[in-house]
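These notes concern the structure reproduced below.
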Amino acid sequence: MRPVRPASFPAHPSPFPGPPSNRAQNGYVIDEAQLRQMSQDERRELARALAAIDLPDLVTDPRVRRRRQFGLILMAVCCIGLAAWIAYLILTLPARYTSKDWQAVWVGLDLLELFGFAATAWAAWYQRQIVIFFMIITGTLLVCDAWFDLALDYGSSGFTTSVLTAVLAEFPLAFIMFAAARRLVRVTVQTVMQLSGFTDPPPPLWRVPLLAAGLEEALPALLRQVPAQVRAADVTAGDRSSS
């Protein structure tokens, strides 16, 4: 693949008015006509170069590394705590228990599933990204419903019905939800890759890194790290004002 050589095209003055500080630093830009003169490989290489310039350096940033370590420690503590809680439940829970809220529990679960299907249908109709979120939630509720049906009806006359509903309805619907959510995520990743100049098919999701600032995006706005580009712009502006 040939590297991009923008300098091989005739320089074109910037069409944007204003002082030089508001224009490109070199005083020139590549317009659409010049982009069309490039080969497809050159445009892809240019897109990759531009995307790499704008990506923050998340690997060497000490703040990001500390937050990542904190997240790993928190998840490890949660795993250890949950394992201990499971052992405690195995040793202390009675084999039989009579619940007074049996109706509320099952009706509440079915209402949540109803909301999940309705929200998924709304997001799918309007083509919104949140449909992925709703699909995962609805699929998880269906798996939980099947699990409780099978576990609680085991050994009773209703176990056969629970097996049939799980095999013929709940598990297939959950699989459809999870598979559709996975396909939509892969399409999103592939679109981002194409915009960045990559034409290869997207790798498995477990190998795809988080986009933008990674886990920083999961934090509230006040706790997010200021990107290096913004800090540099602030310093430059301060230098100009002091001079």
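Labels used: A, B, ... for chains in the order of the structure tokens, numbers from 1 for residues in each chain, and numbers from 1 for ligands as shown.
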Range 43-189 of chain A: residues DSSP assigns to alpha helix (DSSP H), reported as a ChimeraX atom specification: /A:43-54,62-92,102-125,130-153,159-165,171-189
Of the listed residues A:Phe133, A:Phe115, A:Trp85, A:Trp125, that which approaches Ala181 in chain A most closely, counting only C-alpha atoms: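 Smallest distance to Ala181 in chain A is found for A:Phe133.
Interatomic distance, CA of Ala180 in chain A against CA of Ile132 in chain A: 7.9 Å.
By chain and then residue number, the residues within 7 Å of range 139-154 of chain A are Glu113, Met135, Ile136, Ile137, Ser156, Gly158, Phe159, Ser162, Val163, Ala166, Glu170, Phe171, Ala174, Met177 and Phe178 of chain A, counting only C-alpha atoms and disregarding those fewer than 2 positions away in sequence.
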Take the residues just selected and output them with C-alpha atoms as a PDB file, in the first residue's frame.
```
ATOM      1  CA  GLU A 113     -39.904  -8.538  30.056  1.00  0.00           C
ATOM      2  CA  MET A 135     -31.765  -6.285  23.385  1.00  0.00           C
ATOM      3  CA  ILE A 136     -29.166  -7.350  25.942  1.00  0.00           C
ATOM      4  CA  ILE A 137     -31.464  -6.515  28.861  1.00  0.00           C
ATOM      5  CA  SER A 156     -43.241 -30.955  40.096  1.00  0.00           C
ATOM      6  CA  GLY A 158     -45.235 -28.216  35.889  1.00  0.00           C
ATOM      7  CA  PHE A 159     -41.628 -29.095  35.041  1.00  0.00           C
ATOM      8  CA  SER A 162     -41.286 -25.175  31.990  1.00  0.00           C
ATOM      9  CA  VAL A 163     -38.919 -27.198  29.794  1.00  0.00           C
ATOM     10  CA  ALA A 166     -37.718 -22.587  27.881  1.00  0.00           C
ATOM     11  CA  GLU A 170     -37.418 -18.188  26.126  1.00  0.00           C
ATOM     12  CA  PHE A 171     -34.024 -19.550  25.065  1.00  0.00           C
ATOM     13  CA  ALA A 174     -32.874 -14.723  24.145  1.00  0.00           C
ATOM     14  CA  MET A 177     -31.675 -10.827  21.111  1.00  0.00           C
ATOM     15  CA  PHE A 178     -28.031 -11.569  21.907  1.00  0.00           C
TER      16      PHE A 178
END
```
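Taking CA of Trp206 in chain A as the reference point, CA of Leu184 in chain A is found at 14.9 Å.
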Polymer residues at most 8 Å from Ala47 in chain A, only C-alpha atoms, same-chain spacing of 4 or more positions, as a count of residues only: 5
Pick out the residues sitting within 12 Å of Thr191 in chain A, and hand them over as a PDB file with C-alpha atoms, in the first residue's frame; count only C-alpha atoms, and ignore anything fewer than 6 positions along from it in its own chain.
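Listed below is the output, result18.pdb:
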```
ATOM      1  CA  LEU A 184     -25.167  -4.456  15.524  1.00  0.00           C
ATOM      2  CA  VAL A 185     -22.048  -3.924  17.634  1.00  0.00           C
ATOM      3  CA  GLY A 197      -9.418   3.781   6.523  1.00  0.00           C
ATOM      4  CA  PHE A 198      -9.470   0.069   7.407  1.00  0.00           C
ATOM      5  CA  THR A 199     -11.256  -2.288   5.023  1.00  0.00           C
ATOM      6  CA  ASP A 200     -10.608  -5.601   6.772  1.00  0.00           C
ATOM      7  CA  PRO A 201     -13.557  -7.322   8.495  1.00  0.00           C
ATOM      8  CA  PRO A 202     -13.838  -6.488  12.198  1.00  0.00           C
TER       9      PRO A 202
END
```
Point-to-point distance in Å for CA of Phe117 in chain A and CA of Phe134 in chain A: 8.0 Å
